[in-house]
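Novice: Quick one, work-v3.txt (compact mmCIF, C-alpha atoms):
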```txt
# COMPACT_ATOMS: atom_id res chain seq x y z
CA MET K 859 88.30 100.77 99.83
CA PHE K 860 86.70 101.74 103.13
CA ASP K 861 87.86 104.56 105.38
CA ASN K 862 84.92 104.56 107.76
CA PRO K 863 83.29 102.15 110.27
CA VAL K 864 81.88 98.92 108.85
CA VAL K 865 79.75 96.02 110.04
CA THR K 866 80.69 92.52 108.83
CA ASN K 867 79.57 88.90 109.09
CA VAL K 868 75.87 89.65 109.46
CA VAL K 869 74.03 86.35 109.92
CA HIS K 870 70.83 87.58 111.56
CA PRO K 871 69.41 90.69 109.83
CA THR K 872 68.24 93.65 111.91
CA ILE K 873 66.71 97.08 111.42
CA THR K 874 67.43 99.99 113.74
CA PRO K 875 64.90 102.85 113.85
CA VAL K 876 66.07 106.47 113.90
CA VAL K 877 62.95 108.38 114.92
CA PRO K 878 62.43 112.13 114.41
CA ASP K 879 60.97 114.40 117.08
CA ALA K 880 58.01 115.15 114.82
CA PRO K 881 57.40 112.34 112.29
CA ASN K 882 55.94 113.61 109.01
CA GLY K 883 54.48 110.25 107.98
CA THR K 884 57.29 109.19 105.62
CA ALA K 885 59.53 106.20 106.36
CA ILE K 886 62.69 105.11 104.54
CA VAL K 887 64.60 101.87 104.94
CA ILE K 888 68.35 102.36 104.38
CA ALA K 889 70.62 99.63 102.99
CA PRO K 890 74.34 100.50 103.30
CA GLY K 891 76.78 99.14 100.74
CA GLY K 892 80.01 97.19 100.99
CA GLY K 893 80.18 94.57 98.26
CA PHE K 894 77.97 92.16 100.21
CA HIS K 895 81.01 91.60 102.45
CA ALA K 896 80.64 94.60 104.75
CA LEU K 897 78.25 97.46 105.50
CA SER K 898 79.41 101.08 105.48
CA ILE K 899 77.21 101.57 108.50
CA GLU K 900 77.92 105.25 109.22
CA SER K 901 78.49 107.06 105.91
CA GLU K 902 75.80 105.07 104.09
CA GLY K 903 73.68 104.23 107.12
CA PHE K 904 73.24 106.17 110.31
CA GLU K 905 74.48 109.51 108.96
CA VAL K 906 71.85 109.28 106.23
CA ALA K 907 69.24 108.28 108.82
CA GLU K 908 70.08 111.24 111.04
CA TRP K 909 69.87 113.65 108.10
CA LEU K 910 66.43 112.28 107.23
CA ALA K 911 65.20 112.28 110.84
CA ALA K 912 66.17 115.95 111.17
CA ARG K 913 63.63 116.57 108.39
CA GLY K 914 60.84 114.49 109.88
CA VAL K 915 61.47 111.21 108.05
CA THR K 916 61.49 108.05 110.16
CA ALA K 917 64.52 106.05 109.05
CA PHE K 918 65.35 102.38 109.52
CA VAL K 919 68.96 101.26 109.02
CA LEU K 920 69.04 97.70 107.69
CA GLU K 921 71.82 95.22 108.39
CA TYR K 922 71.25 92.48 105.82
CA ARG K 923 72.99 89.13 105.49
CA LEU K 924 76.54 89.19 104.11
CA VAL K 925 79.15 86.82 102.69
CA PRO K 926 80.86 85.09 105.67
CA CYS K 927 84.42 86.39 106.13
CA GLY K 928 87.30 86.23 108.56
CA ASP K 929 88.15 88.75 111.26
CA ASP K 930 88.92 91.43 108.65
CA ALA K 931 86.22 91.25 105.99
CA VAL K 932 87.48 94.37 104.22
CA ALA K 933 90.96 92.89 103.78
CA ASP K 934 89.39 89.63 102.62
CA LEU K 935 87.33 91.48 99.99
CA ILE K 936 90.30 93.50 98.71
CA THR K 937 92.44 90.37 98.43
CA LYS K 938 89.73 88.43 96.61
CA MET K 939 89.03 91.30 94.21
CA ALA K 940 92.72 91.43 93.30
CA SER K 941 93.08 87.69 92.78
CA ASP K 942 89.67 86.30 91.80
CA LEU K 943 87.20 88.97 90.73
CA ASP K 944 84.87 86.46 89.08
CA GLY K 945 84.77 84.49 92.30
CA VAL K 946 83.85 87.63 94.23
CA PHE K 947 80.93 88.28 91.89
CA ASP K 948 79.82 84.66 92.27
CA GLU K 949 79.74 85.12 96.07
CA MET K 950 77.82 88.36 95.73
CA ASN K 951 75.26 86.85 93.38
CA GLU K 952 74.77 83.96 95.79
CA ILE K 953 74.14 86.14 98.87
CA ALA K 954 72.17 88.91 97.10
CA PRO K 955 68.81 87.08 97.07
CA LEU K 956 69.13 86.48 100.83
CA ALA K 957 69.91 90.16 101.39
CA ALA K 958 66.91 91.07 99.25
CA ALA K 959 64.71 88.77 101.33
CA ASP K 960 65.90 90.63 104.44
CA ALA K 961 65.03 93.95 102.79
CA ILE K 962 61.58 92.75 101.74
CA ALA K 963 60.95 91.59 105.31
CA ALA K 964 62.06 95.02 106.55
CA VAL K 965 59.58 96.84 104.30
CA ARG K 966 56.79 94.55 105.47
CA TRP K 967 57.79 95.08 109.10
CA VAL K 968 57.78 98.86 108.77
CA ARG K 969 54.31 98.79 107.22
CA GLU K 970 53.03 96.46 109.94
CA HIS K 971 54.35 98.85 112.61
CA ALA K 972 53.46 102.07 110.79
CA THR K 973 51.04 103.31 113.45
CA GLU K 974 53.56 102.66 116.19
CA PHE K 975 56.13 104.90 114.47
CA GLY K 976 53.72 107.57 113.24
CA VAL K 977 54.25 106.76 109.57
CA ARG K 978 51.87 106.06 106.73
CA PRO K 979 52.00 102.58 105.17
CA ASP K 980 51.66 104.17 101.72
CA ARG K 981 54.76 106.35 102.24
CA VAL K 982 57.45 103.74 102.85
CA GLY K 983 60.56 104.16 100.72
CA PHE K 984 63.89 102.40 100.28
CA ILE K 985 67.36 103.82 99.65
CA GLY K 986 70.49 101.73 99.11
CA PHE K 987 74.12 102.30 98.23
CA SER K 988 76.26 100.18 95.88
CA ALA K 989 75.49 96.59 96.91
CA GLY K 990 72.67 98.11 98.93
CA GLY K 991 71.52 99.68 95.66
CA ASN K 992 71.40 96.19 94.17
CA VAL K 993 69.23 95.19 97.11
CA THR K 994 67.07 98.28 96.48
CA MET K 995 66.37 97.20 92.91
CA ARG K 996 65.54 93.65 93.97
CA VAL K 997 63.02 95.02 96.47
CA ALA K 998 61.59 97.31 93.78
CA TYR K 999 60.91 94.17 91.71
CA ALA K 1000 59.47 92.13 94.60
CA ASP K 1001 56.73 89.73 93.50
CA ASP K 1002 54.46 90.80 96.36
CA ALA K 1003 53.14 94.34 95.82
CA GLY K 1004 52.73 94.67 99.59
CA ALA K 1005 56.48 94.29 99.99
CA ARG K 1006 57.49 96.80 97.33
CA PRO K 1007 58.44 100.31 98.50
CA ASP K 1008 56.36 103.30 97.47
CA PHE K 1009 59.51 105.02 96.17
CA VAL K 1010 63.13 103.98 95.77
CA ALA K 1011 66.56 105.59 95.58
CA PRO K 1012 69.40 103.41 94.22
CA ILE K 1013 72.64 105.30 94.90
CA TYR K 1014 75.65 104.28 92.73
CA ALA K 1015 73.90 100.93 92.56
CA SER K 1016 75.28 97.76 91.05
CA VAL K 1017 72.87 95.65 89.02
CA ARG K 1018 75.45 93.12 87.90
CA GLY K 1019 73.99 89.66 88.15
CA TYR K 1020 70.44 91.04 88.11
CA GLU K 1021 68.25 91.58 85.06
CA LEU K 1022 66.32 94.85 84.86
CA ALA K 1023 62.98 93.65 83.57
CA GLU K 1024 59.88 95.76 82.95
CA PRO K 1025 59.05 97.53 86.24
CA PRO K 1026 56.07 96.06 88.09
CA THR K 1027 52.72 97.73 87.50
CA GLY K 1028 52.18 100.51 90.00
CA SER K 1029 55.87 101.08 90.71
CA GLY K 1030 56.58 104.36 92.46
CA PRO K 1031 58.99 107.16 91.57
CA MET K 1032 62.76 106.75 91.61
CA PHE K 1033 65.76 108.93 92.46
CA VAL K 1034 69.15 107.83 91.04
CA VAL K 1035 72.64 109.15 91.85
CA ALA K 1036 76.14 108.17 90.68
CA ALA K 1037 79.44 109.64 89.54
CA THR K 1038 80.83 109.35 86.03
CA ASP K 1039 84.24 108.46 87.49
CA ASP K 1040 82.85 105.65 89.66
CA SER K 1041 85.92 103.48 90.29
CA LEU K 1042 83.87 100.29 89.91
CA GLY K 1043 82.39 101.41 86.61
CA LEU K 1044 78.86 101.62 87.98
CA ALA K 1045 77.84 104.82 86.17
CA ASP K 1046 76.46 102.64 83.37
CA ASP K 1047 74.36 100.68 85.88
CA SER K 1048 72.70 103.88 87.09
CA VAL K 1049 72.00 105.02 83.53
CA ALA K 1050 70.46 101.61 82.75
CA ILE K 1051 68.27 101.80 85.87
CA TYR K 1052 67.13 105.31 84.99
CA ASP K 1053 66.41 104.40 81.38
CA ARG K 1054 64.42 101.30 82.29
CA TRP K 1055 62.18 103.26 84.69
CA ARG K 1056 61.90 106.24 82.30
CA ARG K 1057 60.86 104.09 79.34
CA ALA K 1058 58.16 102.54 81.52
CA GLY K 1059 56.70 106.01 82.03
CA ILE K 1060 57.57 106.16 85.74
CA ALA K 1061 58.73 109.45 87.25
CA THR K 1062 62.50 109.18 87.53
CA GLU K 1063 65.27 111.63 88.37
CA LEU K 1064 68.96 111.02 87.62
CA HIS K 1065 71.93 112.96 89.00
CA MET K 1066 75.23 111.97 87.38
CA TYR K 1067 78.17 113.90 88.85
CA ALA K 1068 81.33 114.34 86.79
CA SER K 1069 83.44 113.34 89.77
CA GLY K 1070 82.87 111.78 93.14
CA GLY K 1071 84.16 108.27 92.72
CA HIS K 1072 82.49 105.29 94.32
CA GLY K 1073 81.14 105.10 97.84
CA PHE K 1074 80.97 108.82 98.57
CA GLY K 1075 77.92 108.46 100.81
CA MET K 1076 77.84 111.27 103.35
CA LYS K 1077 81.57 111.96 103.05
CA HIS K 1078 82.77 115.49 102.32
CA GLN K 1079 85.25 115.49 99.44
CA GLY K 1080 84.93 119.11 98.38
CA LEU K 1081 83.07 118.03 95.24
CA PRO K 1082 79.58 118.76 93.88
CA SER K 1083 78.63 115.15 94.73
CA ASP K 1084 78.82 116.17 98.40
CA SER K 1085 75.41 117.81 97.99
CA TRP K 1086 73.59 114.77 96.56
CA ILE K 1087 71.66 114.36 99.83
CA ASP K 1088 70.29 117.91 99.45
CA ARG K 1089 69.06 117.04 95.97
CA PHE K 1090 67.42 113.96 97.47
CA GLY K 1091 65.72 116.25 99.96
CA ASP K 1092 64.52 118.47 97.10
CA TRP K 1093 63.14 115.37 95.36
CA LEU K 1094 61.37 114.16 98.51
CA ALA K 1095 59.79 117.59 98.93
CA ALA K 1096 58.72 117.73 95.28
CA ASN K 1097 56.99 114.37 95.74
CA GLY K 1098 55.15 115.50 98.86
CA LEU K 1099 57.22 113.28 101.15
CA LEU K 1100 58.53 116.00 103.47
```
Just dump the structure as structure tokens.
Specialist:
Amino acid sequence: MFDNPVVTNVVHPTITPVVPDAPNGTAIVIAPGGGFHALSIESEGFEVAEWLAARGVTAFVLEYRLVPCGDDAVADLITKMASDLDGVFDEMNEIAPLAAADAIAAVRWVREHATEFGVRPDRVGFIGFSAGGNVTMRVAYADDAGARPDFVAPIYASVRGYELAEPPTGSGPMFVVAATDDSLGLADDSVAIYDRWRRAGIATELHMYASGGHGFGMKHQGLPSDSWIDRFGDWLAANGLL
């Protein structure tokens, strides 16, 4: 399931800034995925942050709380998914609100320290992958408008266990990416997210690649999905965020 470095057993959430040489005023909090059991910290975390920083965006990699596991959380997750998939989803649904609380706190923290990092408090976004995409959507629906991002990017997000209600008034634009052949069947989740935002009249962009699988992040597979990050850059530029 994972073929890159992961972080596991997060109990105390943290955010790590990746600061550009010349900040352009935009900040993005990054939530890696990993089934709420691990965090794909490089491919869906620091590599994304470095790409953004090279373009002037101040990035903050979030390590949110995870399901407690043994020494090998990835092996634990694979075993549980093979033997008790419903139980895995129950664990995810239990930890997800805590992870979302960590993400909401991160957005607040970035806004509180905006001057320190050379960013504008009205240009704070959030991008998340898979389980991190679930966290992204929960932050997008935060009760407190001051904790909601100004723009969001759920990437092959899972919204299982979370109801997509009417977007909050004043919700910002959204960028959505997934692959039709997502091995976890999450293409439908991305379409549902896109459709909910679109029907609310909010600017939304969806990229659905024919192939790419699940968890492609910043990996190079020799597929069109490899360039999703460039399309994200195009979208940021079109929205005046670069």
Novice: Given the point (62.4, 98.4, 94.4) in the file's coordinates, find the residues that have an atom at most 9 Å from it, counting all atoms listed in the file, and give them as a PDB file with C-alpha atoms, in the frame of the given file.
Specialist:
```pdb
ATOM      1  CA  GLY K 983      60.560 104.160 100.720  1.00  0.00           C
ATOM      2  CA  PHE K 984      63.890 102.400 100.280  1.00  0.00           C
ATOM      3  CA  VAL K 993      69.230  95.190  97.110  1.00  0.00           C
ATOM      4  CA  THR K 994      67.070  98.280  96.480  1.00  0.00           C
ATOM      5  CA  MET K 995      66.370  97.200  92.910  1.00  0.00           C
ATOM      6  CA  ARG K 996      65.540  93.650  93.970  1.00  0.00           C
ATOM      7  CA  VAL K 997      63.020  95.020  96.470  1.00  0.00           C
ATOM      8  CA  ALA K 998      61.590  97.310  93.780  1.00  0.00           C
ATOM      9  CA  TYR K 999      60.910  94.170  91.710  1.00  0.00           C
ATOM     10  CA  ALA K1000      59.470  92.130  94.600  1.00  0.00           C
ATOM     11  CA  ARG K1006      57.490  96.800  97.330  1.00  0.00           C
ATOM     12  CA  PRO K1007      58.440 100.310  98.500  1.00  0.00           C
ATOM     13  CA  ASP K1008      56.360 103.300  97.470  1.00  0.00           C
ATOM     14  CA  PHE K1009      59.510 105.020  96.170  1.00  0.00           C
ATOM     15  CA  VAL K1010      63.130 103.980  95.770  1.00  0.00           C
ATOM     16  CA  ALA K1011      66.560 105.590  95.580  1.00  0.00           C
ATOM     17  CA  PRO K1012      69.400 103.410  94.220  1.00  0.00           C
ATOM     18  CA  PRO K1025      59.050  97.530  86.240  1.00  0.00           C
ATOM     19  CA  SER K1029      55.870 101.080  90.710  1.00  0.00           C
ATOM     20  CA  GLY K1030      56.580 104.360  92.460  1.00  0.00           C
ATOM     21  CA  MET K1032      62.760 106.750  91.610  1.00  0.00           C
TER      22      MET K1032
END
```
Novice: Between K:Ala1050, K:Ala972, K:Ala1045, K:Ala1036, which is the closest to Ser1083 in chain K once you count all atoms listed in the file?
Specialist: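 Checking each of K:Ala1050, K:Ala972, K:Ala1045, K:Ala1036 against Ser1083 in chain K, counting all atoms listed in the file, the winner is K:Ala1036.
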Novice: Give me the range 920-1039 of chain K side of the contact with range 894-914 of chain K, cut-off 10 Å, one line per residue showing its nearest atom pair and distance in Å at one decimal, counting all atoms listed in the file, sorted by chain and residue number, as CSV.
Specialist:
```
residue,atom,partner,partner_atom,distance
K:Leu920,CA,K:Gly903,CA,8.0
K:Glu921,CA,K:Leu897,CA,7.4
K:Tyr922,CA,K:Leu897,CA,8.6
K:Arg923,CA,K:Phe894,CA,7.9
K:Leu924,CA,K:Phe894,CA,5.1
K:Val925,CA,K:His895,CA,5.1
K:Pro926,CA,K:His895,CA,7.3
K:Cys927,CA,K:His895,CA,7.2
K:Asp930,CA,K:Ala896,CA,9.7
K:Ala931,CA,K:His895,CA,6.3
K:Val932,CA,K:Ala896,CA,6.9
K:Asp934,CA,K:His895,CA,8.6
K:Leu935,CA,K:His895,CA,6.8
K:Val946,CA,K:Phe894,CA,9.5
K:Phe947,CA,K:Phe894,CA,9.6
K:Glu949,CA,K:Phe894,CA,8.4
K:Met950,CA,K:Phe894,CA,5.9
K:Asn951,CA,K:Phe894,CA,9.1
K:Glu952,CA,K:Phe894,CA,9.8
K:Ile953,CA,K:Phe894,CA,7.3
K:Ala954,CA,K:Phe894,CA,7.3
K:Ala957,CA,K:Phe894,CA,8.4
K:Ile985,CA,K:Glu902,CA,9.6
K:Gly986,CA,K:Glu902,CA,8.0
K:Phe987,CA,K:Glu902,CA,6.7
K:Ser988,CA,K:Phe894,CA,9.3
K:Ala989,CA,K:Phe894,CA,6.1
K:Gly990,CA,K:Phe894,CA,8.1
K:Asn992,CA,K:Phe894,CA,9.8
K:Val993,CA,K:Phe894,CA,9.8
K:Ile1013,CA,K:Glu902,CA,9.7
```
Novice: State, in Å with one decimal place, the distance from CA of Tyr1020 in chain K to CA of Glu1063 in chain K.
Specialist: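 Between these atoms lies a distance of 21.2 Å.
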Novice: Pick the closest to Val965 in chain K from K:Trp1086, K:Tyr1067, K:Phe918, K:Tyr1052: which is it, counting only C-alpha atoms?
Specialist: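 Going through K:Trp1086, K:Tyr1067, K:Phe918, K:Tyr1052 one by one, the smallest distance to Val965 in chain K is for K:Phe918.
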Novice: Interatomic distance between CA of Gly976 in chain K and CA of Ile1087 in chain K?
Specialist: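 Rounded to one decimal, the two atoms are 23.4 Å apart.
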Novice: Considering all atoms listed in the file, can you say which of K:Ile1051, K:Leu1044, K:Val869, K:Ala880 comes closest to Leu1022 in chain K?
Specialist: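 So, comparing all the options, the nearest one is K:Ile1051.
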Novice: Which residue out of K:Ser1048, K:Phe1090, K:Asn882, K:Thr872 has the minimum interatomic distance to Val982 in chain K when all atoms listed in the file are used?
Specialist: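 Checking each candidate against Val982 in chain K, we get K:Asn882 as the closest.
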